[in-house]
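S.K.: Supplied structure: run_22.pdb, PDB, C-alpha atoms.
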ATOM      1  CA  MET V   1     -25.088   3.450  -0.557
ATOM      2  CA  LYS V   2     -21.575   3.653   0.891
ATOM      3  CA  SER V   3     -20.526   7.189   1.793
ATOM      4  CA  GLN V   4     -16.889   8.167   1.532
ATOM      5  CA  PHE V   5     -14.852  11.166   2.599
ATOM      6  CA  PRO V   6     -13.720  13.796   0.092
ATOM      7  CA  PHE V   7     -10.159  13.623   1.375
ATOM      8  CA  PRO V   8      -7.843  16.026  -0.480
ATOM      9  CA  SER V   9      -5.254  13.287  -0.946
ATOM     10  CA  ARG V  10      -4.801   9.525  -0.758
ATOM     11  CA  ASN V  11      -3.437   9.794   2.795
ATOM     12  CA  PRO V  12      -4.122  13.013   4.696
ATOM     13  CA  VAL V  13      -1.139  13.786   6.933
ATOM     14  CA  GLY V  14      -1.393  15.629  10.231
ATOM     15  CA  GLY V  15      -0.635  15.434  13.900
ATOM     16  CA  HIS V  16      -1.807  15.252  17.474
ATOM     17  CA  VAL V  17      -2.483  18.852  18.503
ATOM     18  CA  PRO V  18      -2.780  20.575  21.899
ATOM     19  CA  VAL V  19      -6.250  21.876  22.752
ATOM     20  CA  ALA V  20      -5.851  23.413  26.218
ATOM     21  CA  GLY V  21      -7.580  26.757  25.838
ATOM     22  CA  GLY V  22      -9.885  25.718  23.020
ATOM     23  CA  LEU V  23     -10.410  22.968  20.458
ATOM     24  CA  ASN V  24     -10.809  25.414  17.621
ATOM     25  CA  SER V  25      -8.885  28.482  18.793
ATOM     26  CA  VAL V  26      -5.834  26.519  19.962
ATOM     27  CA  GLY V  27      -6.048  23.066  18.360
ATOM     28  CA  LEU V  28      -6.863  24.034  14.801
ATOM     29  CA  THR V  29      -4.560  27.059  14.906
ATOM     30  CA  TYR V  30      -1.723  24.692  15.800
ATOM     31  CA  ALA V  31      -2.850  22.315  13.039
ATOM     32  CA  ARG V  32      -2.784  25.106  10.461
ATOM     33  CA  ASP V  33       0.720  26.038  11.559
ATOM     34  CA  LEU V  34       1.729  22.426  10.836
ATOM     35  CA  LYS V  35      -0.126  22.532   7.496
ATOM     36  CA  ALA V  36      -1.907  19.460   8.845
ATOM     37  CA  GLU V  37      -4.585  17.722   6.799
ATOM     38  CA  THR V  38      -5.912  15.696   9.753
ATOM     39  CA  VAL V  39      -5.857  16.120  13.539
ATOM     40  CA  GLN V  40      -6.003  14.078  16.712
ATOM     41  CA  VAL V  41      -6.935  15.518  20.120
ATOM     42  CA  PHE V  42      -7.462  14.600  23.743
ATOM     43  CA  VAL V  43     -10.850  15.488  25.223
ATOM     44  CA  ALA V  44      -9.721  14.739  28.788
ATOM     45  CA  ASN V  45      -6.496  14.531  30.769
ATOM     46  CA  PRO V  46      -4.713  11.586  29.097
ATOM     47  CA  ARG V  47      -3.203  10.522  32.421
ATOM     48  CA  GLY V  48      -6.291  10.899  34.583
ATOM     49  CA  TRP V  49      -9.855   9.705  35.034
ATOM     50  CA  ALA V  50     -11.673  13.049  34.856
ATOM     51  CA  THR V  51     -14.525  13.275  32.342
ATOM     52  CA  PRO V  52     -14.954  17.007  31.705
ATOM     53  CA  ALA V  53     -17.951  18.401  29.885
ATOM     54  CA  GLY V  54     -17.183  20.063  26.607
ATOM     55  CA  ASN V  55     -17.803  23.646  25.548
ATOM     56  CA  PRO V  56     -20.720  23.523  23.059
ATOM     57  CA  ARG V  57     -19.585  26.673  21.268
ATOM     58  CA  GLN V  58     -16.015  25.402  20.864
ATOM     59  CA  ASP V  59     -17.339  21.989  19.826
ATOM     60  CA  GLU V  60     -19.478  23.496  17.079
ATOM     61  CA  GLU V  61     -16.712  25.808  15.877
ATOM     62  CA  PHE V  62     -14.259  22.912  15.736
ATOM     63  CA  ARG V  63     -16.731  20.644  13.971
ATOM     64  CA  ALA V  64     -17.679  23.325  11.440
ATOM     65  CA  ALA V  65     -14.066  24.245  10.708
ATOM     66  CA  CYS V  66     -13.088  20.605  10.176
ATOM     67  CA  ALA V  67     -16.008  20.131   7.798
ATOM     68  CA  ALA V  68     -15.265  23.343   5.893
ATOM     69  CA  GLU V  69     -11.575  22.492   5.504
ATOM     70  CA  SER V  70     -12.055  18.721   4.967
ATOM     71  CA  ILE V  71      -9.954  17.887   8.024
ATOM     72  CA  PRO V  72     -10.772  14.458   9.493
ATOM     73  CA  ALA V  73     -10.530  14.570  13.288
ATOM     74  CA  TYR V  74      -9.843  11.823  15.831
ATOM     75  CA  VAL V  75      -9.871  11.519  19.614
ATOM     76  CA  HIS V  76      -7.279   9.632  21.639
ATOM     77  CA  ALA V  77      -8.759   8.157  24.814
ATOM     78  CA  PRO V  78      -6.820   8.397  28.111
ATOM     79  CA  TYR V  79      -3.845   6.106  28.641
ATOM     80  CA  LEU V  80      -5.095   4.682  31.945
ATOM     81  CA  ILE V  81      -7.912   2.733  30.289
ATOM     82  CA  ASN V  82      -7.423  -1.023  30.622
ATOM     83  CA  PHE V  83     -10.339  -3.400  30.209
ATOM     84  CA  GLY V  84      -8.041  -6.321  31.020
ATOM     85  CA  SER V  85      -7.162  -5.071  34.497
ATOM     86  CA  HIS V  86      -7.579  -7.351  37.500
ATOM     87  CA  THR V  87      -8.674  -4.319  39.539
ATOM     88  CA  GLU V  88     -12.424  -3.782  39.495
ATOM     89  CA  ALA V  89     -12.102  -0.041  40.069
ATOM     90  CA  THR V  90      -9.814   0.326  37.050
ATOM     91  CA  VAL V  91     -12.274  -1.517  34.829
ATOM     92  CA  GLU V  92     -15.202   0.588  36.049
ATOM     93  CA  ARG V  93     -13.266   3.788  35.465
ATOM     94  CA  SER V  94     -12.192   2.513  32.042
ATOM     95  CA  VAL V  95     -15.840   2.073  31.063
ATOM     96  CA  GLU V  96     -16.712   5.582  32.233
ATOM     97  CA  SER V  97     -13.654   7.119  30.571
ATOM     98  CA  LEU V  98     -14.122   5.421  27.202
ATOM     99  CA  ARG V  99     -17.846   6.168  27.149
ATOM    100  CA  HIS V 100     -16.941   9.816  27.765
ATOM    101  CA  SER V 101     -14.383   9.829  24.923
ATOM    102  CA  LEU V 102     -16.895   8.276  22.532
ATOM    103  CA  ARG V 103     -19.588  10.788  23.492
ATOM    104  CA  ARG V 104     -17.188  13.710  23.162
ATOM    105  CA  GLY V 105     -15.998  12.273  19.871
ATOM    106  CA  ARG V 106     -19.532  12.444  18.529
ATOM    107  CA  GLU V 107     -19.997  15.987  19.857
ATOM    108  CA  ILE V 108     -16.910  17.318  18.058
ATOM    109  CA  GLY V 109     -17.494  15.311  14.871
ATOM    110  CA  ALA V 110     -14.565  12.925  15.303
ATOM    111  CA  LEU V 111     -14.424   9.958  12.952
ATOM    112  CA  GLY V 112     -12.768   7.626  15.448
ATOM    113  CA  VAL V 113     -11.722   7.254  19.074
ATOM    114  CA  VAL V 114      -8.374   5.537  19.621
ATOM    115  CA  VAL V 115      -7.967   3.329  22.697
ATOM    116  CA  HIS V 116      -5.010   1.215  23.757
ATOM    117  CA  THR V 117      -5.753  -2.496  23.890
ATOM    118  CA  GLY V 118      -4.479  -2.908  27.446
ATOM    119  CA  SER V 119      -2.936  -5.830  29.294
ATOM    120  CA  ALA V 120      -3.822  -8.828  31.443
ATOM    121  CA  THR V 121      -2.676  -7.615  34.848
ATOM    122  CA  GLY V 122      -2.476  -9.569  38.071
ATOM    123  CA  GLY V 123      -0.880 -12.595  36.446
ATOM    124  CA  ARG V 124      -4.142 -13.731  34.852
ATOM    125  CA  GLU V 125      -4.417 -15.650  31.602
ATOM    126  CA  ARG V 126      -5.055 -13.687  28.427
ATOM    127  CA  ALA V 127      -8.305 -15.560  27.783
ATOM    128  CA  VAL V 128      -9.672 -14.408  31.138
ATOM    129  CA  ALA V 129      -8.751 -10.798  30.384
ATOM    130  CA  LEU V 130     -10.336 -10.992  26.926
ATOM    131  CA  ARG V 131     -13.587 -12.263  28.419
ATOM    132  CA  GLN V 132     -13.528  -9.182  30.616
ATOM    133  CA  VAL V 133     -12.875  -7.009  27.551
ATOM    134  CA  ARG V 134     -15.953  -8.528  25.955
ATOM    135  CA  GLU V 135     -18.117  -8.029  29.033
ATOM    136  CA  HIS V 136     -17.320  -4.335  29.402
ATOM    137  CA  MET V 137     -16.322  -3.042  25.947
ATOM    138  CA  LEU V 138     -18.935  -4.739  23.774
ATOM    139  CA  PRO V 139     -21.828  -2.855  25.427
ATOM    140  CA  LEU V 140     -20.054   0.427  24.629
ATOM    141  CA  LEU V 141     -19.810  -0.583  20.970
ATOM    142  CA  ASP V 142     -23.504  -1.462  20.981
ATOM    143  CA  GLU V 143     -24.265   2.067  22.214
ATOM    144  CA  LEU V 144     -22.821   3.532  18.997
ATOM    145  CA  THR V 145     -26.135   3.853  17.184
ATOM    146  CA  HIS V 146     -26.074   7.497  16.049
ATOM    147  CA  ASP V 147     -25.234   8.290  12.432
ATOM    148  CA  ASP V 148     -22.375  10.507  13.592
ATOM    149  CA  ASP V 149     -20.919   8.202  16.249
ATOM    150  CA  PRO V 150     -17.163   7.610  15.901
ATOM    151  CA  PHE V 151     -15.567   4.243  15.281
ATOM    152  CA  LEU V 152     -13.724   2.642  18.192
ATOM    153  CA  LEU V 153     -10.155   2.148  17.003
ATOM    154  CA  LEU V 154      -7.951  -0.394  18.774
ATOM    155  CA  GLU V 155      -4.283   0.566  19.045
ATOM    156  CA  SER V 156      -1.828  -2.226  19.813
ATOM    157  CA  THR V 157       1.068  -1.706  22.196
ATOM    158  CA  ALA V 158       4.819  -2.193  21.905
ATOM    159  CA  GLY V 159       4.564  -5.568  23.637
ATOM    160  CA  GLN V 160       5.527  -4.570  27.150
ATOM    161  CA  GLY V 161       4.462  -6.788  30.048
ATOM    162  CA  ALA V 162       1.273  -8.825  29.638
ATOM    163  CA  SER V 163       0.031  -6.896  26.608
ATOM    164  CA  LEU V 164      -3.225  -8.208  25.130
ATOM    165  CA  CYS V 165      -2.387  -7.016  21.636
ATOM    166  CA  SER V 166       1.019  -6.154  20.190
ATOM    167  CA  ARG V 167       1.630  -8.281  17.057
ATOM    168  CA  THR V 168      -0.758  -8.026  14.115
ATOM    169  CA  TRP V 169      -2.238 -11.475  14.752
ATOM    170  CA  ASP V 170      -3.141 -10.474  18.313
ATOM    171  CA  PHE V 171      -5.954  -8.381  16.844
ATOM    172  CA  GLY V 172      -7.660 -11.655  15.885
ATOM    173  CA  PRO V 173      -8.653 -12.797  19.400
ATOM    174  CA  TYR V 174      -9.481  -9.202  20.338
ATOM    175  CA  PHE V 175     -11.847  -8.802  17.379
ATOM    176  CA  GLU V 176     -13.335 -12.227  18.092
ATOM    177  CA  ALA V 177     -13.994 -11.232  21.717
ATOM    178  CA  LEU V 178     -15.903  -8.208  20.406
ATOM    179  CA  ASP V 179     -17.816 -10.130  17.703
ATOM    180  CA  ALA V 180     -15.956  -8.149  15.013
ATOM    181  CA  HIS V 181     -18.408  -5.349  15.746
ATOM    182  CA  PRO V 182     -19.114  -3.134  12.722
ATOM    183  CA  MET V 183     -18.041  -0.032  14.665
ATOM    184  CA  LEU V 184     -14.673  -1.593  15.511
ATOM    185  CA  GLY V 185     -11.502  -0.638  13.665
ATOM    186  CA  VAL V 186      -7.732  -0.508  13.993
ATOM    187  CA  CYS V 187      -5.288   2.331  14.572
ATOM    188  CA  LEU V 188      -1.870   1.050  13.520
ATOM    189  CA  ASP V 189       1.082   2.668  15.292
ATOM    190  CA  THR V 190       4.253   2.069  13.267
ATOM    191  CA  CYS V 191       6.566   2.483  16.262
ATOM    192  CA  HIS V 192       4.490   0.056  18.332
ATOM    193  CA  VAL V 193       4.375  -2.745  15.750
ATOM    194  CA  PHE V 194       8.084  -2.291  15.053
ATOM    195  CA  ALA V 195       8.899  -2.455  18.765
ATOM    196  CA  ALA V 196       6.641  -5.495  19.100
ATOM    197  CA  GLY V 197       8.714  -7.397  16.545
ATOM    198  CA  HIS V 198       7.444  -6.611  13.032
ATOM    199  CA  ASP V 199      10.467  -5.563  10.975
ATOM    200  CA  LEU V 200       9.109  -2.796   8.760
ATOM    201  CA  THR V 201      12.431  -2.249   7.007
ATOM    202  CA  GLY V 202      13.766  -3.946   3.904
ATOM    203  CA  PRO V 203      12.165  -4.099   0.466
ATOM    204  CA  SER V 204       8.841  -5.554   1.658
ATOM    205  CA  GLY V 205       8.742  -5.307   5.451
ATOM    206  CA  MET V 206       5.933  -2.743   5.629
ATOM    207  CA  HIS V 207       3.806  -4.454   2.995
ATOM    208  CA  GLN V 208       4.186  -7.859   4.653
ATOM    209  CA  THR V 209       3.071  -6.422   7.987
ATOM    210  CA  LEU V 210       0.047  -4.748   6.418
ATOM    211  CA  ASP V 211      -0.808  -7.986   4.620
ATOM    212  CA  LEU V 212      -0.752  -9.791   7.970
ATOM    213  CA  LEU V 213      -3.023  -7.178   9.496
ATOM    214  CA  VAL V 214      -5.578  -7.437   6.683
ATOM    215  CA  ASP V 215      -5.439 -11.239   6.852
ATOM    216  CA  THR V 216      -6.225 -11.000  10.568
ATOM    217  CA  VAL V 217      -8.979  -8.362  10.773
ATOM    218  CA  GLY V 218     -10.246  -8.177   7.184
ATOM    219  CA  GLU V 219     -10.331  -5.397   4.620
ATOM    220  CA  GLY V 220     -11.550  -1.932   5.558
ATOM    221  CA  ARG V 221     -10.785  -2.193   9.279
ATOM    222  CA  LEU V 222      -7.653  -0.043   9.193
ATOM    223  CA  LYS V 223      -9.037   3.440   9.853
ATOM    224  CA  LEU V 224      -6.063   5.446  11.166
ATOM    225  CA  ILE V 225      -2.261   5.248  11.267
ATOM    226  CA  HIS V 226       0.012   6.712  13.916
ATOM    227  CA  ALA V 227       3.117   7.423  11.861
ATOM    228  CA  ASN V 228       6.072   7.353  14.241
ATOM    229  CA  ASP V 229       9.693   6.316  13.783
ATOM    230  CA  SER V 230      11.381   4.344  16.587
ATOM    231  CA  LYS V 231      14.310   5.279  18.814
ATOM    232  CA  ASP V 232      14.931   1.570  19.438
ATOM    233  CA  VAL V 233      15.611  -1.497  17.311
ATOM    234  CA  VAL V 234      12.944  -3.897  16.112
ATOM    235  CA  GLY V 235      11.590  -6.143  18.842
ATOM    236  CA  ALA V 236      12.879  -3.949  21.683
ATOM    237  CA  HIS V 237       9.389  -3.695  23.269
ATOM    238  CA  LYS V 238      10.058  -0.025  23.996
ATOM    239  CA  ASP V 239       7.528   2.647  23.108
ATOM    240  CA  ARG V 240       9.902   5.483  22.262
ATOM    241  CA  HIS V 241       8.924   7.559  19.248
ATOM    242  CA  GLU V 242      11.408   9.269  16.942
ATOM    243  CA  ASN V 243      11.047  11.804  14.139
ATOM    244  CA  ILE V 244      10.315  10.404  10.689
ATOM    245  CA  GLY V 245      13.501   9.132   9.050
ATOM    246  CA  SER V 246      15.628   9.691  12.142
ATOM    247  CA  GLY V 247      14.984   6.353  13.855
ATOM    248  CA  HIS V 248      15.461   2.653  13.188
ATOM    249  CA  ILE V 249      12.491   2.442  10.803
ATOM    250  CA  GLY V 250      13.737   5.080   8.378
ATOM    251  CA  GLU V 251      11.986   6.918   5.557
ATOM    252  CA  ASP V 252      11.509   4.154   2.988
ATOM    253  CA  PRO V 253       8.969   2.100   4.978
ATOM    254  CA  PHE V 254       6.750   5.172   5.322
ATOM    255  CA  ARG V 255       6.838   5.658   1.569
ATOM    256  CA  ALA V 256       5.926   1.972   1.181
ATOM    257  CA  LEU V 257       3.123   2.400   3.717
ATOM    258  CA  MET V 258       1.401   4.833   1.382
ATOM    259  CA  THR V 259       1.472   2.421  -1.565
ATOM    260  CA  HIS V 260      -0.304  -0.511   0.076
ATOM    261  CA  PRO V 261      -3.968  -1.005  -0.948
ATOM    262  CA  ALA V 262      -5.108  -1.271   2.683
ATOM    263  CA  THR V 263      -3.932   2.267   3.455
ATOM    264  CA  GLU V 264      -5.828   4.007   0.676
ATOM    265  CA  GLY V 265      -7.950   6.724   2.228
ATOM    266  CA  VAL V 266      -6.409   6.238   5.680
ATOM    267  CA  PRO V 267      -5.103   9.379   7.452
ATOM    268  CA  LEU V 268      -1.649   9.504   9.076
ATOM    269  CA  VAL V 269      -1.169  11.244  12.433
ATOM    270  CA  ILE V 270       2.311  11.897  13.814
ATOM    271  CA  GLU V 271       3.096  11.623  17.532
ATOM    272  CA  THR V 272       6.767  12.523  17.315
ATOM    273  CA  PRO V 273       9.117  14.648  19.460
ATOM    274  CA  GLY V 274      10.442  18.100  18.692
ATOM    275  CA  GLY V 275       7.594  20.472  19.457
ATOM    276  CA  LYS V 276       5.852  22.477  16.753
ATOM    277  CA  GLU V 277       8.995  22.818  14.624
ATOM    278  CA  GLY V 278       9.675  19.082  14.704
ATOM    279  CA  HIS V 279       6.035  18.281  14.065
ATOM    280  CA  ALA V 280       5.846  20.599  11.060
ATOM    281  CA  ALA V 281       9.002  19.022   9.621
ATOM    282  CA  ASP V 282       7.574  15.509  10.049
ATOM    283  CA  VAL V 283       4.283  16.465   8.412
ATOM    284  CA  GLU V 284       6.176  17.968   5.474
ATOM    285  CA  ARG V 285       8.445  14.924   5.221
ATOM    286  CA  LEU V 286       5.518  12.490   5.119
ATOM    287  CA  LYS V 287       3.761  14.587   2.487
ATOM    288  CA  LYS V 288       6.876  14.497   0.300
ATOM    289  CA  LEU V 289       7.137  10.721   0.719
ATOM    290  CA  ARG V 290       3.459  10.362  -0.148
ATOM    291  CA  ASP V 291       3.669  12.597  -3.181
ATOM    292  CA  SER V 292       6.731  10.763  -4.499
ATOM    293  CA  SER V 293       5.079   7.331  -4.179
ATOM    294  CA  PRO V 294       3.238   5.446  -6.888
ATOM    295  CA  VAL V 295      -0.365   5.073  -5.775
ATOM    296  CA  LEU V 296      -1.927   1.619  -5.822
ATOM    297  CA  ARG V 297      -5.665   1.529  -6.372
ATOM    298  CA  ASP V 298      -7.858  -1.297  -5.103
ATOM    299  CA  SER V 299     -11.545  -0.525  -4.780
ATOM    300  CA  HIS V 300     -12.036  -3.463  -2.424
ATOM    301  CA  SER V 301      -9.637  -2.104   0.177
ATOM    302  CA  VAL V 302     -10.899   1.450   0.644
ATOM    303  CA  PRO V 303     -11.969   1.859   4.297
ATOM    304  CA  GLU V 304     -15.727   2.266   4.614
ATOM    305  CA  TYR V 305     -17.246   5.109   6.628
ATOM    306  CA  PRO V 306     -20.956   5.815   6.987
ATOM    307  CA  ARG V 307     -20.625   9.599   7.094
ATOM    308  CA  GLY V 308     -18.663  12.598   5.870
ATOM    309  CA  VAL V 309     -15.783  14.589   7.254
ATOM    310  CA  CYS V 310     -16.245  15.569  10.915
ATOM    311  CA  GLY V 311     -19.744  14.126  10.959
ATOM    312  CA  SER V 312     -21.103  15.805   7.835
ATOM    313  CA  ARG V 313     -22.536  13.455   5.233
ATOM    314  CA  SER V 314     -20.802  13.047   1.906
ATOM    315  CA  THR V 315     -21.401  10.865  -1.107
ATOM    316  CA  GLY V 316     -18.434  12.155  -3.082
ATOM    317  CA  PRO V 317     -15.789   9.818  -4.475
ATOM    318  CA  ASN V 318     -12.907   8.696  -2.318
ATOM    319  CA  THR V 319      -9.575  10.035  -3.539
TER     320      THR V 319
END
Can you dump the structure from the file as structure tokens?
M.R.:
Amino acid sequence: MKSQFPFPSRNPVGGHVPVAGGLNSVGLTYARDLKAETVQVFVANPRGWATPAGNPRQDEEFRAACAAESIPAYVHAPYLINFGSHTEATVERSVESLRHSLRRGREIGALGVVVHTGSATGGRERAVALRQVREHMLPLLDELTHDDDPFLLLESTAGQGASLCSRTWDFGPYFEALDAHPMLGVCLDTCHVFAAGHDLTGPSGMHQTLDLLVDTVGEGRLKLIHANDSKDVVGAHKDRHENIGSGHIGEDPFRALMTHPATEGVPLVIETPGGKEGHAADVERLKKLRDSSPVLRDSHSVPEYPRGVCGSRSTGPNT
């Protein structure tokens, strides 16, 4: 039987929260201040290779609080990870770092671990880099055998340099390299796909982009959305986030985002500037856009999860 999360709304809205000083005491306190319905955290220095052990007490408190408050949690893996690198040391460290993020994700009850799709460095062909992705990332996916293991969520980039995945159709070869593993999903960053060249504006820009994504990876693979406006124009290949409605994407595409069948049951996490005040305003703005949108229902497009919020099992209906 398919288990589904008892999300309090069609699209829980929340943000990436700081956790230095404690996952629960700092991270969830910040989330409550934002009135966040979902959270994303780092479990290691995002710009380093360290793989710190967690605090079991904090882990359990965080996991229990998320379950009690129906807050889906996610981990963002470090930025340095690149399975397409031509440097052997970088690839080896990427394996160690991602394995650590996946293990820590399970320990804190995270539903998914987000990792950037990387680039083909050293002037190598994309096909060569993707074979390397397969060699080193597929074994990590095969290790996800626990009932409470998180999904591995691929996040495309803004298209800088020799990016392996920036446009929606780039997910196709990436998924093929990883045998479309059942624990593989997508984290769609709105700023990234806009910067990569998908015009999300206009009467149907967002829906057309989501249609392309579903056509490429199939239904139910979209597990998380990074909801960020863009400081730069479409196709600029610049990863510069802006507050919701204040950038070149604008408010309307985010409202449209929450009416597409593929996004039903998919949480939105903001990664926008402005500190706590700006974050709280963006969370509130997205909630208002969501609550003013007509909801499209399509039972075939609800993302499938094998377990409940923050690792607890649930057989309740998806909302």
S.K.: Given the file above and the PyMOL selection byres ((chain V and resi 97-111) around 8), which residues are selected, and can you give them as a PyMOL selection string?
M.R.: chain V and resi 43-44+49-51+54+59-60+62-63+72-78+81+93-96+112-113+115+140+148-152+309-312
S.K.: Carefully work through the PyMOL selection byres ((chain V and resi 123) around 12) for this structure and note down the residues it includes, as a VMD selection string.
M.R.: chain V and resid 84 to 87 119 to 122 124 to 129 161 to 163
S.K.: Counting all atoms listed in the file, I want the residues whose atoms come within 9 Å of (7.5, -9.7, 20.2) in the file frame, returned as an MDAnalysis selection string.
M.R.: chainID V and resid 158:160 166:167 193 195:198 234:237
S.K.: Check the smallest atom-to-atom distance from each of V:Asn243, V:Ala256, V:Gly14, V:Leu286 to Gly274 in chain V using only C-alpha atoms, then report the winner.
M.R.: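 That would be V:Asn243, the residue with the smallest distance to Gly274 in chain V.
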S.K.: Name every residue that the PyMOL selection byres ((chain V and resi 285) around 10) selects in this structure, writing the answer as a list in words with chains first and numbers rising.
M.R.: Val13, Asn243, Ile244, Gly245, Glu251, Phe254, His279, Ala280, Ala281, Asp282, Val283, Glu284, Leu286, Lys287, Lys288, Leu289, Arg290 and Asp291 of chain V
S.K.: Between V:Arg240, V:His181, V:His116, V:Lys231, which has the minimum distance to Leu80 in chain V (counting all atoms listed in the file)?
M.R.: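 Once distances to Leu80 in chain V are computed over all atoms listed in the file, the minimum belongs to V:His116.
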S.K.: With only C-alpha atoms as the atoms that count, which of V:Thr117, V:Lys35, V:Leu257, V:Thr90 lies nearest to Ser204 in chain V?
M.R.: V:Leu257
S.K.: What lies within 12 Å of Arg32 in chain V using all atoms listed in the file, ignoring chain neighbours under 3 positions off, as a PyMOL selection string?
M.R.: chain V and resi 13-15+17+24-29+35-39+65-66+69+71+276+279-280+283
S.K.: By how many Å are CA of Asn45 in chain V and CA of Ala20 in chain V apart?
M.R.: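 We find that CA of Asn45 in chain V and CA of Ala20 in chain V lie 10.0 Å from each other.
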S.K.: Could you list, with a cut-off of 12 Å and counting all atoms listed in the file, the residues of range 157-224 of chain V near range 143-146 of chain V, each shown with its nearest atom pair and the distance in Å rounded to one decimal, rows sorted by chain and ascending number, as CSV?
M.R.:
residue,atom,partner,partner_atom,distance
V:His181,CA,V:Leu144,CA,10.4
V:Pro182,CA,V:Leu144,CA,9.9
V:Met183,CA,V:Leu144,CA,7.4
V:Leu184,CA,V:Leu144,CA,10.2
S.K.: With all atoms listed in the file as the basis for distance, which of V:Tyr174, V:Glu242, V:Thr168, V:Pro261 is at the shortest distance from Asp215 in chain V?
M.R.: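 Using all atoms listed in the file, Asp215 in chain V sits closest to V:Thr168.
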S.K.: Since the input is missing atoms, can you rebuild N, CA and C atoms for range 25-38 of chain V and write them as a PDB file, keeping the file's coordinate frame?
M.R.:
ATOM      1  N   SER V  25      -9.798  27.339  18.718  1.00  0.00           N
ATOM      2  CA  SER V  25      -8.885  28.482  18.793  1.00  0.00           C
ATOM      3  C   SER V  25      -7.436  28.060  18.980  1.00  0.00           C
ATOM      4  N   VAL V  26      -7.203  26.988  19.732  1.00  0.00           N
ATOM      5  CA  VAL V  26      -5.834  26.519  19.962  1.00  0.00           C
ATOM      6  C   VAL V  26      -5.494  25.334  19.063  1.00  0.00           C
ATOM      7  N   GLY V  27      -6.348  24.300  19.089  1.00  0.00           N
ATOM      8  CA  GLY V  27      -6.048  23.066  18.360  1.00  0.00           C
ATOM      9  C   GLY V  27      -5.917  23.252  16.864  1.00  0.00           C
ATOM     10  N   LEU V  28      -6.911  23.888  16.251  1.00  0.00           N
ATOM     11  CA  LEU V  28      -6.863  24.034  14.801  1.00  0.00           C
ATOM     12  C   LEU V  28      -5.880  25.110  14.359  1.00  0.00           C
ATOM     13  N   THR V  29      -5.618  26.089  15.223  1.00  0.00           N
ATOM     14  CA  THR V  29      -4.560  27.059  14.906  1.00  0.00           C
ATOM     15  C   THR V  29      -3.213  26.358  14.841  1.00  0.00           C
ATOM     16  N   TYR V  30      -2.964  25.483  15.803  1.00  0.00           N
ATOM     17  CA  TYR V  30      -1.723  24.692  15.800  1.00  0.00           C
ATOM     18  C   TYR V  30      -1.667  23.812  14.555  1.00  0.00           C
ATOM     19  N   ALA V  31      -2.801  23.188  14.215  1.00  0.00           N
ATOM     20  CA  ALA V  31      -2.850  22.315  13.039  1.00  0.00           C
ATOM     21  C   ALA V  31      -2.533  23.085  11.763  1.00  0.00           C
ATOM     22  N   ARG V  32      -3.054  24.289  11.660  1.00  0.00           N
ATOM     23  CA  ARG V  32      -2.784  25.106  10.461  1.00  0.00           C
ATOM     24  C   ARG V  32      -1.311  25.481  10.387  1.00  0.00           C
ATOM     25  N   ASP V  33      -0.711  25.723  11.546  1.00  0.00           N
ATOM     26  CA  ASP V  33       0.720  26.038  11.559  1.00  0.00           C
ATOM     27  C   ASP V  33       1.544  24.851  11.056  1.00  0.00           C
ATOM     28  N   LEU V  34       1.036  23.628  11.315  1.00  0.00           N
ATOM     29  CA  LEU V  34       1.729  22.426  10.836  1.00  0.00           C
ATOM     30  C   LEU V  34       1.431  22.125   9.376  1.00  0.00           C
ATOM     31  N   LYS V  35       0.437  22.856   8.815  1.00  0.00           N
ATOM     32  CA  LYS V  35      -0.126  22.532   7.496  1.00  0.00           C
ATOM     33  C   LYS V  35      -0.686  21.113   7.519  1.00  0.00           C
ATOM     34  N   ALA V  36      -1.342  20.794   8.634  1.00  0.00           N
ATOM     35  CA  ALA V  36      -1.907  19.460   8.845  1.00  0.00           C
ATOM     36  C   ALA V  36      -3.191  19.286   8.048  1.00  0.00           C
ATOM     37  N   GLU V  37      -3.373  18.077   7.547  1.00  0.00           N
ATOM     38  CA  GLU V  37      -4.585  17.722   6.799  1.00  0.00           C
ATOM     39  C   GLU V  37      -5.525  16.848   7.626  1.00  0.00           C
ATOM     40  N   THR V  38      -5.098  16.474   8.825  1.00  0.00           N
ATOM     41  CA  THR V  38      -5.912  15.696   9.753  1.00  0.00           C
ATOM     42  C   THR V  38      -5.407  15.996  11.157  1.00  0.00           C
TER      43      THR V  38
END
